[in-house]
Structures are given as structure tokens and as C-alpha cells.
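Colleague: My structure is in model.pdb, and what it holds is PDB, C-alpha atoms:
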ATOM      1  CA  MET A 251     117.686 139.726 122.961
ATOM      2  CA  THR A 252     115.309 142.312 124.381
ATOM      3  CA  GLY A 253     112.103 142.952 122.504
ATOM      4  CA  TRP A 254     112.165 139.688 120.536
ATOM      5  CA  THR A 255     108.393 139.341 120.891
ATOM      6  CA  GLY A 256     107.600 142.298 118.696
ATOM      7  CA  PRO A 257     105.484 145.226 119.951
ATOM      8  CA  GLY A 258     105.688 144.164 123.602
ATOM      9  CA  SER A 259     108.159 142.252 125.752
ATOM     10  CA  ASP A 260     105.256 140.318 127.337
ATOM     11  CA  GLY A 261     104.516 138.387 124.140
ATOM     12  CA  THR A 262     102.149 140.910 122.589
ATOM     13  CA  GLY A 263     102.289 140.449 118.844
ATOM     14  CA  CYS A 264     103.464 136.845 119.170
ATOM     15  CA  LEU A 265     101.918 133.552 118.028
ATOM     16  CA  ALA A 266     102.024 130.806 120.679
ATOM     17  CA  MET A 267     102.607 127.542 118.772
ATOM     18  CA  PHE A 268     101.963 124.150 120.365
ATOM     19  CA  PRO A 269     103.743 121.126 118.827
ATOM     20  CA  GLY A 270     102.210 117.850 117.757
ATOM     21  CA  GLN A 271     103.194 114.199 117.709
ATOM     22  CA  GLY A 272     106.815 113.662 116.727
ATOM     23  CA  SER A 273     108.200 116.294 119.108
ATOM     24  CA  GLN A 274     108.421 113.855 122.028
ATOM     25  CA  ARG A 275     111.774 112.733 123.395
ATOM     26  CA  PRO A 276     112.914 110.847 126.513
ATOM     27  CA  GLY A 277     113.259 113.128 129.541
ATOM     28  CA  MET A 278     111.352 115.944 127.875
ATOM     29  CA  ALA A 279     109.751 117.175 131.121
ATOM     30  CA  LYS A 280     112.649 116.541 133.507
ATOM     31  CA  HIS A 281     113.793 120.175 133.628
ATOM     32  CA  LEU A 282     110.212 121.273 134.340
ATOM     33  CA  LEU A 283     109.513 118.785 137.103
ATOM     34  CA  ASP A 284     112.932 119.253 138.714
ATOM     35  CA  ALA A 285     112.718 123.033 138.891
ATOM     36  CA  TYR A 286     109.132 124.295 138.991
ATOM     37  CA  PRO A 287     106.427 123.462 141.569
ATOM     38  CA  SER A 288     103.688 124.646 139.201
ATOM     39  CA  ALA A 289     104.796 122.052 136.640
ATOM     40  CA  ARG A 290     104.769 119.346 139.298
ATOM     41  CA  ARG A 291     101.245 120.350 140.292
ATOM     42  CA  LEU A 292     100.003 120.283 136.708
ATOM     43  CA  PHE A 293     101.565 116.878 136.025
ATOM     44  CA  ALA A 294     100.055 115.534 139.268
ATOM     45  CA  ARG A 295      96.627 116.639 138.044
ATOM     46  CA  ALA A 296      97.257 115.009 134.677
ATOM     47  CA  ASP A 297      98.323 111.746 136.350
ATOM     48  CA  GLU A 298      95.085 111.787 138.344
ATOM     49  CA  ILE A 299      92.841 112.693 135.409
ATOM     50  CA  LEU A 300      94.277 110.000 133.138
ATOM     51  CA  GLY A 301      95.230 107.299 135.613
ATOM     52  CA  LEU A 302      98.581 107.315 133.836
ATOM     53  CA  PRO A 303     101.978 108.116 135.422
ATOM     54  CA  LEU A 304     102.900 110.838 132.933
ATOM     55  CA  SER A 305     105.146 112.543 135.493
ATOM     56  CA  GLU A 306     107.318 109.417 135.450
ATOM     57  CA  ILE A 307     107.008 108.627 131.755
ATOM     58  CA  CYS A 308     108.041 112.154 130.719
ATOM     59  CA  VAL A 309     111.184 111.917 132.870
ATOM     60  CA  THR A 310     112.355 108.296 132.747
ATOM     61  CA  GLY A 311     110.267 106.714 129.972
ATOM     62  CA  SER A 312     112.039 105.136 127.026
ATOM     63  CA  ALA A 313     111.644 106.284 123.431
ATOM     64  CA  GLU A 314     109.648 103.125 122.781
ATOM     65  CA  GLU A 315     107.224 103.857 125.628
ATOM     66  CA  LEU A 316     106.826 107.481 124.579
ATOM     67  CA  GLY A 317     106.282 106.348 120.999
ATOM     68  CA  ARG A 318     103.015 104.564 121.801
ATOM     69  CA  THR A 319     100.339 106.850 120.355
ATOM     70  CA  GLU A 320      98.026 106.540 123.363
ATOM     71  CA  VAL A 321     100.920 107.719 125.585
ATOM     72  CA  THR A 322     102.606 110.142 123.195
ATOM     73  CA  GLN A 323      99.634 112.415 122.781
ATOM     74  CA  PRO A 324      98.798 113.122 126.450
ATOM     75  CA  ALA A 325     102.526 113.307 127.256
ATOM     76  CA  ILE A 326     103.185 116.055 124.700
ATOM     77  CA  ALA A 327      99.992 117.910 125.581
ATOM     78  CA  THR A 328     100.777 117.888 129.308
ATOM     79  CA  THR A 329     104.390 118.971 128.809
ATOM     80  CA  SER A 330     103.252 121.813 126.559
ATOM     81  CA  LEU A 331     100.625 122.945 129.053
ATOM     82  CA  ALA A 332     103.174 122.935 131.878
ATOM     83  CA  VAL A 333     105.354 125.287 129.826
ATOM     84  CA  TRP A 334     102.321 127.418 128.965
ATOM     85  CA  GLU A 335     101.415 127.789 132.638
ATOM     86  CA  LEU A 336     104.958 128.895 133.489
ATOM     87  CA  LEU A 337     104.957 131.516 130.746
ATOM     88  CA  ARG A 338     101.421 132.682 131.477
ATOM     89  CA  SER A 339     102.278 133.153 135.153
ATOM     90  CA  ALA A 340     105.298 135.205 134.093
ATOM     91  CA  GLY A 341     103.059 137.577 132.151
ATOM     92  CA  TYR A 342     103.261 136.103 128.655
ATOM     93  CA  ARG A 343     100.353 137.436 126.592
ATOM     94  CA  PRO A 344     100.453 136.250 122.966
ATOM     95  CA  ALA A 345      98.367 137.754 120.203
ATOM     96  CA  ALA A 346      97.018 134.333 119.205
ATOM     97  CA  THR A 347      97.520 130.598 119.653
ATOM     98  CA  ALA A 348      97.713 127.673 117.242
ATOM     99  CA  GLY A 349      98.570 124.001 117.488
ATOM    100  CA  HIS A 350      99.924 121.527 114.968
ATOM    101  CA  SER A 351      97.435 118.635 114.933
ATOM    102  CA  LEU A 352      97.570 117.305 118.525
ATOM    103  CA  GLY A 353      98.904 120.718 119.565
ATOM    104  CA  GLU A 354      95.510 122.253 118.853
ATOM    105  CA  TYR A 355      94.236 120.797 122.141
ATOM    106  CA  PRO A 356      96.669 122.687 124.425
ATOM    107  CA  ALA A 357      96.182 125.733 122.153
ATOM    108  CA  LEU A 358      92.453 125.572 122.928
ATOM    109  CA  VAL A 359      93.181 125.251 126.661
ATOM    110  CA  ALA A 360      95.386 128.347 126.449
ATOM    111  CA  ALA A 361      92.552 130.205 124.707
ATOM    112  CA  GLY A 362      89.977 129.214 127.341
ATOM    113  CA  VAL A 363      87.989 126.946 125.004
ATOM    114  CA  LEU A 364      88.726 123.632 126.767
ATOM    115  CA  SER A 365      89.498 122.780 130.376
ATOM    116  CA  LEU A 366      92.644 120.846 131.222
ATOM    117  CA  GLU A 367      90.504 117.852 132.155
ATOM    118  CA  SER A 368      88.546 117.829 128.896
ATOM    119  CA  ALA A 369      91.634 118.325 126.744
ATOM    120  CA  LEU A 370      93.557 115.484 128.372
ATOM    121  CA  GLU A 371      90.632 113.079 128.303
ATOM    122  CA  LEU A 372      90.006 113.813 124.623
ATOM    123  CA  VAL A 373      93.691 113.561 123.752
ATOM    124  CA  ARG A 374      94.069 110.202 125.431
ATOM    125  CA  LEU A 375      90.980 108.828 123.657
ATOM    126  CA  ARG A 376      92.240 110.280 120.370
ATOM    127  CA  GLY A 377      95.580 108.524 120.825
ATOM    128  CA  ARG A 378      93.928 105.223 121.703
ATOM    129  CA  LEU A 379      91.577 105.328 118.723
ATOM    130  CA  MET A 380      94.373 106.252 116.336
ATOM    131  CA  GLY A 381      96.422 103.387 117.738
ATOM    132  CA  GLU A 382      93.557 101.000 117.016
ATOM    133  CA  VAL A 383      93.508 102.067 113.384
ATOM    134  CA  ALA A 384      97.257 101.502 113.187
ATOM    135  CA  ARG A 385      96.914  97.953 114.498
ATOM    136  CA  GLU A 386      94.186  97.096 111.976
ATOM    137  CA  VAL A 387      95.477  98.866 108.846
ATOM    138  CA  PRO A 388      98.990  98.585 107.353
ATOM    139  CA  GLY A 389      99.353 102.348 107.125
ATOM    140  CA  ALA A 390     102.328 104.681 106.742
ATOM    141  CA  MET A 391     103.277 108.347 106.512
ATOM    142  CA  ALA A 392     106.125 110.003 104.622
ATOM    143  CA  ALA A 393     107.442 113.540 104.254
ATOM    144  CA  VAL A 394     108.100 114.721 100.710
ATOM    145  CA  LEU A 395     110.830 117.369 100.629
ATOM    146  CA  GLY A 396     111.690 119.813  97.875
ATOM    147  CA  LEU A 397     108.513 119.500  95.809
ATOM    148  CA  PRO A 398     105.555 121.949  95.673
ATOM    149  CA  ALA A 399     102.366 120.712  97.303
ATOM    150  CA  GLU A 400     100.372 120.569  94.070
ATOM    151  CA  GLU A 401     102.900 118.122  92.610
ATOM    152  CA  VAL A 402     102.694 115.999  95.750
ATOM    153  CA  LEU A 403      98.915 115.921  95.323
ATOM    154  CA  ALA A 404      99.415 114.708  91.765
ATOM    155  CA  ALA A 405     101.766 111.969  93.000
ATOM    156  CA  CYS A 406      99.089 110.822  95.429
ATOM    157  CA  GLY A 407      96.569 110.667  92.610
ATOM    158  CA  SER A 408      98.871 108.484  90.543
ATOM    159  CA  ALA A 409      99.039 105.867  93.318
ATOM    160  CA  GLU A 410      95.342 105.552  94.103
ATOM    161  CA  GLY A 411      95.069 102.194  92.355
ATOM    162  CA  LEU A 412      97.321 100.685  95.025
ATOM    163  CA  GLY A 413      95.248 101.944  97.950
ATOM    164  CA  LEU A 414      94.440 105.185  99.697
ATOM    165  CA  VAL A 415      97.078 107.911  99.924
ATOM    166  CA  GLN A 416      96.334 111.553 100.766
ATOM    167  CA  VAL A 417      98.101 114.714 101.865
ATOM    168  CA  ALA A 418      98.172 114.780 105.670
ATOM    169  CA  ASN A 419     100.255 117.885 106.461
ATOM    170  CA  TYR A 420     101.050 121.027 104.515
ATOM    171  CA  ASN A 421     104.013 121.813 106.769
ATOM    172  CA  GLU A 422     105.904 124.332 104.653
ATOM    173  CA  PRO A 423     105.908 125.263 100.962
ATOM    174  CA  LEU A 424     108.379 122.514 100.070
ATOM    175  CA  GLN A 425     107.538 119.958 102.776
ATOM    176  CA  THR A 426     104.325 117.995 102.459
ATOM    177  CA  VAL A 427     103.445 114.839 104.414
ATOM    178  CA  ILE A 428     101.413 112.041 102.850
ATOM    179  CA  SER A 429      99.456 109.336 104.656
ATOM    180  CA  GLY A 430      97.514 106.192 103.860
ATOM    181  CA  HIS A 431      97.997 102.525 102.997
ATOM    182  CA  ALA A 432     101.677 101.625 103.149
ATOM    183  CA  HIS A 433     102.017 100.418  99.537
ATOM    184  CA  ALA A 434     100.239 103.473  98.172
ATOM    185  CA  VAL A 435     102.390 105.835 100.251
ATOM    186  CA  GLU A 436     105.540 104.133  98.959
ATOM    187  CA  ALA A 437     104.338 104.382  95.354
ATOM    188  CA  ALA A 438     103.419 108.050  95.714
ATOM    189  CA  GLY A 439     106.847 108.682  97.214
ATOM    190  CA  ARG A 440     108.567 107.097  94.212
ATOM    191  CA  THR A 441     106.479 109.217  91.862
ATOM    192  CA  ALA A 442     107.384 112.330  93.834
ATOM    193  CA  LEU A 443     111.078 111.511  93.515
ATOM    194  CA  ASP A 444     110.678 111.031  89.767
ATOM    195  CA  ALA A 445     108.968 114.454  89.650
ATOM    196  CA  GLY A 446     111.983 116.118  91.267
ATOM    197  CA  ALA A 447     111.542 115.820  95.037
ATOM    198  CA  ASP A 448     114.832 116.107  96.939
ATOM    199  CA  LYS A 449     113.944 113.136  99.123
ATOM    200  CA  VAL A 450     111.091 111.224 100.705
ATOM    201  CA  VAL A 451     111.418 110.358 104.389
ATOM    202  CA  LYS A 452     109.270 107.663 105.973
ATOM    203  CA  LEU A 453     107.994 108.887 109.330
ATOM    204  CA  ASP A 454     108.249 106.835 112.509
ATOM    205  CA  VAL A 455     104.678 107.356 113.682
ATOM    206  CA  GLY A 456     102.103 105.102 115.245
ATOM    207  CA  ALA A 457      99.299 105.487 112.704
ATOM    208  CA  PRO A 458      98.333 106.905 109.268
ATOM    209  CA  PHE A 459      97.162 110.244 110.677
ATOM    210  CA  HIS A 460      95.015 112.851 108.917
ATOM    211  CA  CYS A 461      93.604 110.721 106.139
ATOM    212  CA  SER A 462      90.336 108.951 105.405
ATOM    213  CA  LEU A 463      91.516 105.766 107.129
ATOM    214  CA  MET A 464      90.751 107.554 110.408
ATOM    215  CA  SER A 465      87.048 107.697 109.527
ATOM    216  CA  ALA A 466      86.745 104.271 111.173
ATOM    217  CA  VAL A 467      86.960 105.927 114.607
ATOM    218  CA  GLU A 468      85.289 109.238 113.775
ATOM    219  CA  GLU A 469      81.876 108.286 115.175
ATOM    220  CA  GLU A 470      83.214 107.250 118.591
ATOM    221  CA  PHE A 471      85.359 110.366 118.846
ATOM    222  CA  THR A 472      82.458 112.599 117.795
ATOM    223  CA  GLU A 473      80.374 111.160 120.632
ATOM    224  CA  ALA A 474      83.162 111.986 123.088
ATOM    225  CA  LEU A 475      83.470 115.538 121.764
ATOM    226  CA  ALA A 476      79.745 116.043 122.382
ATOM    227  CA  VAL A 477      80.144 115.282 126.097
ATOM    228  CA  HIS A 478      82.735 117.979 126.825
ATOM    229  CA  PRO A 479      81.923 121.697 127.129
ATOM    230  CA  PHE A 480      83.512 124.074 124.619
ATOM    231  CA  ALA A 481      83.605 127.784 125.476
ATOM    232  CA  ASP A 482      84.119 130.631 123.029
ATOM    233  CA  PRO A 483      87.789 131.667 122.737
ATOM    234  CA  VAL A 484      89.062 134.434 125.008
ATOM    235  CA  LEU A 485      92.233 134.564 122.913
ATOM    236  CA  PRO A 486      92.331 134.230 119.109
ATOM    237  CA  VAL A 487      92.967 130.665 117.923
ATOM    238  CA  ILE A 488      93.985 129.721 114.382
ATOM    239  CA  SER A 489      92.676 126.316 113.334
ATOM    240  CA  SER A 490      95.087 123.817 111.819
ATOM    241  CA  VAL A 491      92.144 122.383 109.852
ATOM    242  CA  THR A 492      91.215 125.579 108.006
ATOM    243  CA  GLY A 493      94.181 127.893 108.569
ATOM    244  CA  THR A 494      91.713 130.566 109.719
ATOM    245  CA  TYR A 495      90.488 131.891 113.057
ATOM    246  CA  ILE A 496      88.050 129.848 115.146
ATOM    247  CA  GLY A 497      84.922 131.888 115.816
ATOM    248  CA  SER A 498      83.220 129.937 118.618
ATOM    249  CA  GLY A 499      83.414 126.963 120.923
ATOM    250  CA  GLU A 500      80.983 125.024 118.768
ATOM    251  CA  GLU A 501      83.140 125.652 115.721
ATOM    252  CA  ALA A 502      86.176 124.417 117.667
ATOM    253  CA  ARG A 503      84.322 121.191 118.508
ATOM    254  CA  GLU A 504      83.445 120.583 114.852
ATOM    255  CA  LEU A 505      86.971 121.329 113.691
ATOM    256  CA  LEU A 506      88.453 118.784 116.106
ATOM    257  CA  ARG A 507      86.156 116.197 114.557
ATOM    258  CA  ARG A 508      87.264 117.167 111.053
ATOM    259  CA  GLN A 509      90.902 117.149 112.146
ATOM    260  CA  LEU A 510      90.915 113.345 112.446
ATOM    261  CA  THR A 511      90.632 112.806 108.693
ATOM    262  CA  GLY A 512      91.612 116.195 107.257
ATOM    263  CA  PRO A 513      95.070 117.608 106.503
ATOM    264  CA  VAL A 514      96.985 119.971 108.773
ATOM    265  CA  ARG A 515      97.222 123.304 106.945
ATOM    266  CA  TRP A 516     100.214 124.692 108.830
ATOM    267  CA  VAL A 517     101.408 126.872 105.966
ATOM    268  CA  GLU A 518      98.046 128.660 106.046
ATOM    269  CA  VAL A 519      98.171 128.935 109.848
ATOM    270  CA  LEU A 520     101.496 130.765 109.636
ATOM    271  CA  ARG A 521     100.395 133.007 106.784
ATOM    272  CA  THR A 522      97.206 133.923 108.646
ATOM    273  CA  ALA A 523      99.267 134.791 111.714
ATOM    274  CA  ALA A 524     101.636 136.917 109.636
ATOM    275  CA  ARG A 525      98.656 138.937 108.405
ATOM    276  CA  HIS A 526      97.407 139.485 112.007
ATOM    277  CA  PRO A 527     100.111 140.896 112.137
ATOM    278  CA  VAL A 528     102.304 138.688 114.312
ATOM    279  CA  GLY A 529     105.898 139.746 114.848
ATOM    280  CA  ALA A 530     107.352 136.609 116.433
ATOM    281  CA  TYR A 531     106.625 132.946 117.092
ATOM    282  CA  THR A 532     107.048 131.005 120.359
ATOM    283  CA  GLU A 533     107.102 127.201 120.329
ATOM    284  CA  ILE A 534     105.565 126.124 123.630
ATOM    285  CA  GLY A 535     106.481 122.554 124.534
ATOM    286  CA  PRO A 536     109.065 119.953 123.541
ATOM    287  CA  GLY A 537     111.171 120.202 120.412
ATOM    288  CA  ARG A 538     111.896 122.883 117.809
ATOM    289  CA  VAL A 539     110.010 121.536 114.789
ATOM    290  CA  LEU A 540     107.520 124.400 114.542
ATOM    291  CA  SER A 541     110.215 127.056 114.885
ATOM    292  CA  GLY A 542     111.942 125.631 111.815
ATOM    293  CA  LEU A 543     108.694 125.477 109.844
ATOM    294  CA  ALA A 544     107.985 129.133 110.661
ATOM    295  CA  ARG A 545     111.407 130.286 109.501
ATOM    296  CA  ARG A 546     111.285 128.309 106.271
ATOM    297  CA  THR A 547     107.721 129.376 105.472
ATOM    298  CA  LEU A 548     107.933 133.064 106.384
ATOM    299  CA  GLY A 549     111.572 133.831 105.725
ATOM    300  CA  GLU A 550     112.633 136.284 108.419
ATOM    301  CA  ALA A 551     110.334 134.959 111.155
ATOM    302  CA  ARG A 552     111.631 135.586 114.664
ATOM    303  CA  THR A 553     111.226 132.364 116.628
ATOM    304  CA  ARG A 554     111.883 131.055 120.100
ATOM    305  CA  SER A 555     111.546 127.529 121.487
ATOM    306  CA  THR A 556     111.130 126.385 125.085
ATOM    307  CA  GLY A 557     112.002 122.701 124.978
ATOM    308  CA  ASP A 558     115.206 122.827 127.032
ATOM    309  CA  PRO A 559     116.252 124.515 130.307
ATOM    310  CA  ARG A 560     118.510 127.138 128.737
ATOM    311  CA  ARG A 561     115.920 128.471 126.302
ATOM    312  CA  LEU A 562     113.102 128.378 128.829
ATOM    313  CA  THR A 563     115.161 130.174 131.468
ATOM    314  CA  ALA A 564     116.214 132.838 128.967
ATOM    315  CA  LEU A 565     112.607 133.505 127.992
ATOM    316  CA  HIS A 566     111.535 133.756 131.640
ATOM    317  CA  GLY A 567     114.209 136.334 132.256
ATOM    318  CA  GLU A 568     113.006 138.449 129.353
ATOM    319  CA  LEU A 569     109.350 138.200 130.333
ATOM    320  CA  ALA A 570     109.739 139.079 133.991
ATOM    321  CA  PRO A 571     113.359 139.743 135.019
ATOM    322  CA  GLN A 572     112.320 140.978 138.461
ATOM    323  CA  ALA A 573     108.971 139.324 139.124
ATOM    324  CA  TRP A 574     109.768 135.851 137.817
ATOM    325  CA  GLN A 575     111.182 134.232 140.916
ATOM    326  CA  GLU A 576     109.248 130.983 141.289
ATOM    327  CA  PRO A 577     111.109 128.934 143.884
ATOM    328  CA  VAL A 578     113.020 125.938 142.648
ATOM    329  CA  ALA A 579     111.573 122.682 143.880
ATOM    330  CA  SER A 580     113.548 121.005 146.600
TER     331      SER A 580
END
Let me see the structure of the file written as C-alpha cells.

Modeller:
Amino acid sequence: MTGWTGPGSDGTGCLAMFPGQGSQRPGMAKHLLDAYPSARRLFARADEILGLPLSEICVTGSAEELGRTEVTQPAIATTSLAVWELLRSAGYRPAATAGHSLGEYPALVAAGVLSLESALELVRLRGRLMGEVAREVPGAMAAVLGLPAEEVLAACGSAEGLGLVQVANYNEPLQTVISGHAHAVEAAGRTALDAGADKVVKLDVGAPFHCSLMSAVEEEFTEALAVHPFADPVLPVISSVTGTYIGSGEEARELLRRQLTGPVRWVEVLRTAARHPVGAYTEIGPGRVLSGLARRTLGEARTRSTGDPRRLTALHGELAPQAWQEPVAS
């Protein structure tokens, strides 16, 4: 499929999309660690930085182990960055980057804003703090399908007497995720169904992400953000907090703080990219969630994912059919 990336076969005119929590799966880095020395080197660095055997967990870890928020987040970020490094070395040059929630951290690494070390340390702390909230608060998240976002907002408002419930993710025009106290989320879901939603799906996540319940850990995370250096982007980055471009390293730092309690505006991210203009969308890391969101939001969006050996190998061949000859690990 030559020329899938738009104006240039090296990724020019393409949005590099980094997935968030929920895209993990057992064995998600096996094809990377089996085949590519650069991936093994990056995972070895991550193991050392975190004091966590991610290179084992991402190959042999169970779904239960990968589902622990404090493990999930660095595991997805490291897997995504290993794929990014492979593509970058092959000559991939996207027009811009963006990340869905957690994915904003590897997106910022790709754009030169954060170092690998800073991103992984922040991601692990973020996962731990979110896990603490989950253990202390009976929270839940649910995806509302087939109902416009403004009607989902109204459903949340109708349930406020039962606890806190807010929109957490604007994923696509007819898919909105809500988050908050479990009883309030359930009540808002029932109201959404009464209003005409196709269905409401409870999400198997470790915490009530992207709502005001996360304010309990905001101060500690803000202190950690202040310790790490943030450079200005060398590649355009679209924020999942605002849906607009990030202008500086300091703005990126502030947006990561706001991301804890604010909704993910992925619909706006995609629409901003389409106005860039972006001609295609590459999902860099495990899963194919973001590729589906792009197609359903933008209609004829040209997407590619990299979460399995066949798709990754095909993309390598298109990027650098002659030059891409990294030796297979023995």
C-alpha cells in the first residue's frame, strides 16, 4: 500500500498516535524483544530506571499482572516507545504526535519534550497514585455508546445527588466515557440508556480516571512534575487536555497536571490534526483502539497500527525497503 502516509512515504503528513491504558495485553512486547536489539536495549533501560522487570512482564506477564495500574502504565509507555524508536530509526517523520491520556507521555518523548527517564518515572508515579485513589474510593468508569456527548453530560448531571460522575473521555462523537463514584456512574448510565444510548459498557480499569476524584493526588504529582525538565517541542504535539497544539515545555508540564482530573478530548485532537492537514494516522504501540476512533470520527481516515508483527513488519518495509535491515536478535 505505497504512499499510505500521505504526502511522503516517510510519514510526512501523518499523526503519530500513542495509546493509553486499556490497550495492554499479555505478550504485547514479545515480537519486539524477540526480533529487535534496539527494543531489547530500550526495555533494559526501562527495567533499570524503574527497578521493575518490564521486559519480562510484557512478554510473560498475566492479564491480571498487566492490569495493575502501577504496572500497566509504564508497560504500555515502554512498549510504545520501543515501537517509536524502531520507526524513527527507519526514517519515520510524522507531522505531529498525540497521546490518549497515558499516551501523552511517550508522545512528549517523541517530540523531544521529555527524556525517557523522566517520562517513565512520572508514568510509574502516576500509575501508583491513581491506584491509591482506586483503593480508597469505590469508583468506576463506563463507556456510553450511541449518544451525543451533550446528552451524556446531561445524564451525568442527573446523577449528581448520588455522588460525583463526570465525562472522562470524549473518544468519538458517539462514544463518551464517564467516571466517578460507582453508584453515580451506574445511575448516569441508566439515564443515558433511557435517553437513547445503544449501550453502556462498564470498563475494566484500575481507577476512576480523569475526574475530580483524582484531585486527592494532584499535589504530590505536581511536585514530581516540577522536578523533571521539560523542553520545548521539536515536533508539534497536540494535547489531549485541550485538543490544541502545545506551545512550550512549561505548557506541557501544566497540561500533564490538568490531565489527572480533566477529560481526554480525543475528538478535538483528531479534528485539530485533520486541519493541520494530516493525511494518515499511525497507532504506535499495542492495540488498535485509536485507529478505530480515528476512522469513526473522521470518516475516511487512513490508519495503520503497529501492535503485531505482521503490521509492524509491513510498515518497516514501506518506510525503508532497502535501508531497514536491523539484524534479528539471536

Colleague: At a cut-off of 7 Å around the point (91.4, 109.4, 112.4) (file coordinates), what residues fall inside when counting all atoms listed in the file? I'd like the answer as a ChimeraX atom specification.

Modeller: /A:380,459-461,463-465,467-468,510-511

Colleague: Go ahead and write the residues just picked, C-alpha atoms, as a compact mmCIF listing (two decimals), in the frame of the given file.

Modeller:
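What follows is the written file again_39.txt:
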# COMPACT_ATOMS: atom_id res chain seq x y z
CA MET A 380 94.37 106.25 116.34
CA PHE A 459 97.16 110.24 110.68
CA HIS A 460 95.02 112.85 108.92
CA CYS A 461 93.60 110.72 106.14
CA LEU A 463 91.52 105.77 107.13
CA MET A 464 90.75 107.55 110.41
CA SER A 465 87.05 107.70 109.53
CA VAL A 467 86.96 105.93 114.61
CA GLU A 468 85.29 109.24 113.78
CA LEU A 510 90.92 113.34 112.45
CA THR A 511 90.63 112.81 108.69

Colleague: Just say which residues the PyMOL selection byres ((chain A and resi 417) around 8) picks in this file, as a PDB file with C-alpha atoms, in the coordinates of the input.

Modeller:
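Full text of expr-v8.pdb as output:
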ATOM      1  CA  VAL A 402     102.694 115.999  95.750  1.00  0.00           C
ATOM      2  CA  LEU A 403      98.915 115.921  95.323  1.00  0.00           C
ATOM      3  CA  CYS A 406      99.089 110.822  95.429  1.00  0.00           C
ATOM      4  CA  VAL A 415      97.078 107.911  99.924  1.00  0.00           C
ATOM      5  CA  GLN A 416      96.334 111.553 100.766  1.00  0.00           C
ATOM      6  CA  ALA A 418      98.172 114.780 105.670  1.00  0.00           C
ATOM      7  CA  ASN A 419     100.255 117.885 106.461  1.00  0.00           C
ATOM      8  CA  TYR A 420     101.050 121.027 104.515  1.00  0.00           C
ATOM      9  CA  THR A 426     104.325 117.995 102.459  1.00  0.00           C
ATOM     10  CA  VAL A 427     103.445 114.839 104.414  1.00  0.00           C
ATOM     11  CA  ILE A 428     101.413 112.041 102.850  1.00  0.00           C
ATOM     12  CA  SER A 429      99.456 109.336 104.656  1.00  0.00           C
ATOM     13  CA  HIS A 460      95.015 112.851 108.917  1.00  0.00           C
ATOM     14  CA  CYS A 461      93.604 110.721 106.139  1.00  0.00           C
ATOM     15  CA  PRO A 513      95.070 117.608 106.503  1.00  0.00           C
TER      16      PRO A 513
END

Colleague: Please determine the residues with any atom at most 12 Å from (85.0, 123.1, 113.4) (coordinates as given in the file, with all atoms listed in the file counting) and report them as a list in words.

Modeller: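 Nearby residues: Glu354, Thr472, Leu475, Phe480, Val487, Ile488, Ser489, Ser490, Val491, Thr492, Gly493, Thr494, Tyr495, Ile496, Gly497, Ser498, Gly499, Glu500, Glu501, Ala502, Arg503, Glu504, Leu505, Leu506, Arg507, Arg508, Gln509, Leu510 and Gly512 of chain A.
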
Colleague: What do you get, as a ChimeraX atom specification, if you spell out every residue that the PyMOL selection byres ((chain A and resi 270-285) around 7) selects here?

Modeller: /A:268-269,286-287,289-290,308-313,322-323,326,329,350-353,536-537,559,578-579

Colleague: Need the shell around Glu533 (chain A): protein/DNA/RNA residues with any atom at most 7 Å away, counting all atoms listed in the file. Skip same-chain ones fewer than 4 positions apart. Format as a PyMOL selection string?

Modeller: chain A and resi 266-268+538+540-541+554-556

Colleague: Which residue is closest to Ala474 (chain A)? Choose from A:Ala296, A:Leu265, A:Ala399, A:Leu375 and count all atoms listed in the file.

Modeller: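 Result for the nearest residue to Ala474 (chain A): A:Leu375.
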
Colleague: For Thr319 (chain A), find every residue with an atom within 10 Å (counting all atoms listed in the file), except residues of its own chain fewer than 4 positions away, and show them as a ChimeraX atom specification.

Modeller: /A:271,315,323-325,374,376-382,384,455-457

Colleague: Translate the PyMOL selection byres ((chain A and resi 442) around 8) into a concrete residue list for this structure, as a list in words.

Modeller: Val394, Leu397, Glu401, Val402, Ala405, Ala438, Gly439, Arg440, Thr441, Leu443, Asp444, Ala445, Gly446, Ala447 and Val450 of chain A

Colleague: Might you pull out every residue within 9 Å of Trp334 (chain A), with all atoms listed in the file counted and same-chain residues fewer than 6 positions away left off, and present them as a PDB file with C-alpha atoms, keeping the file's coordinate frame?

Modeller:
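Below is the file selection_9.pdb, written as the result:
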ATOM      1  CA  ALA A 266     102.024 130.806 120.679  1.00  0.00           C
ATOM      2  CA  TYR A 342     103.261 136.103 128.655  1.00  0.00           C
ATOM      3  CA  PRO A 356      96.669 122.687 124.425  1.00  0.00           C
ATOM      4  CA  ALA A 360      95.386 128.347 126.449  1.00  0.00           C
ATOM      5  CA  ILE A 534     105.565 126.124 123.630  1.00  0.00           C
ATOM      6  CA  GLY A 535     106.481 122.554 124.534  1.00  0.00           C
TER       7      GLY A 535
END

Colleague: How many Å lie between CA of Thr547 (chain A) and CA of Ala340 (chain A), rounded to one decimal?

Modeller: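 Rounded to one decimal, the two atoms are 29.3 Å apart.
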
Colleague: Could you state the separation of CA of Ser288 (chain A) and CA of Val528 (chain A) in Å, given to one decimal place?

Modeller: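 A separation of 28.6 Å between them.
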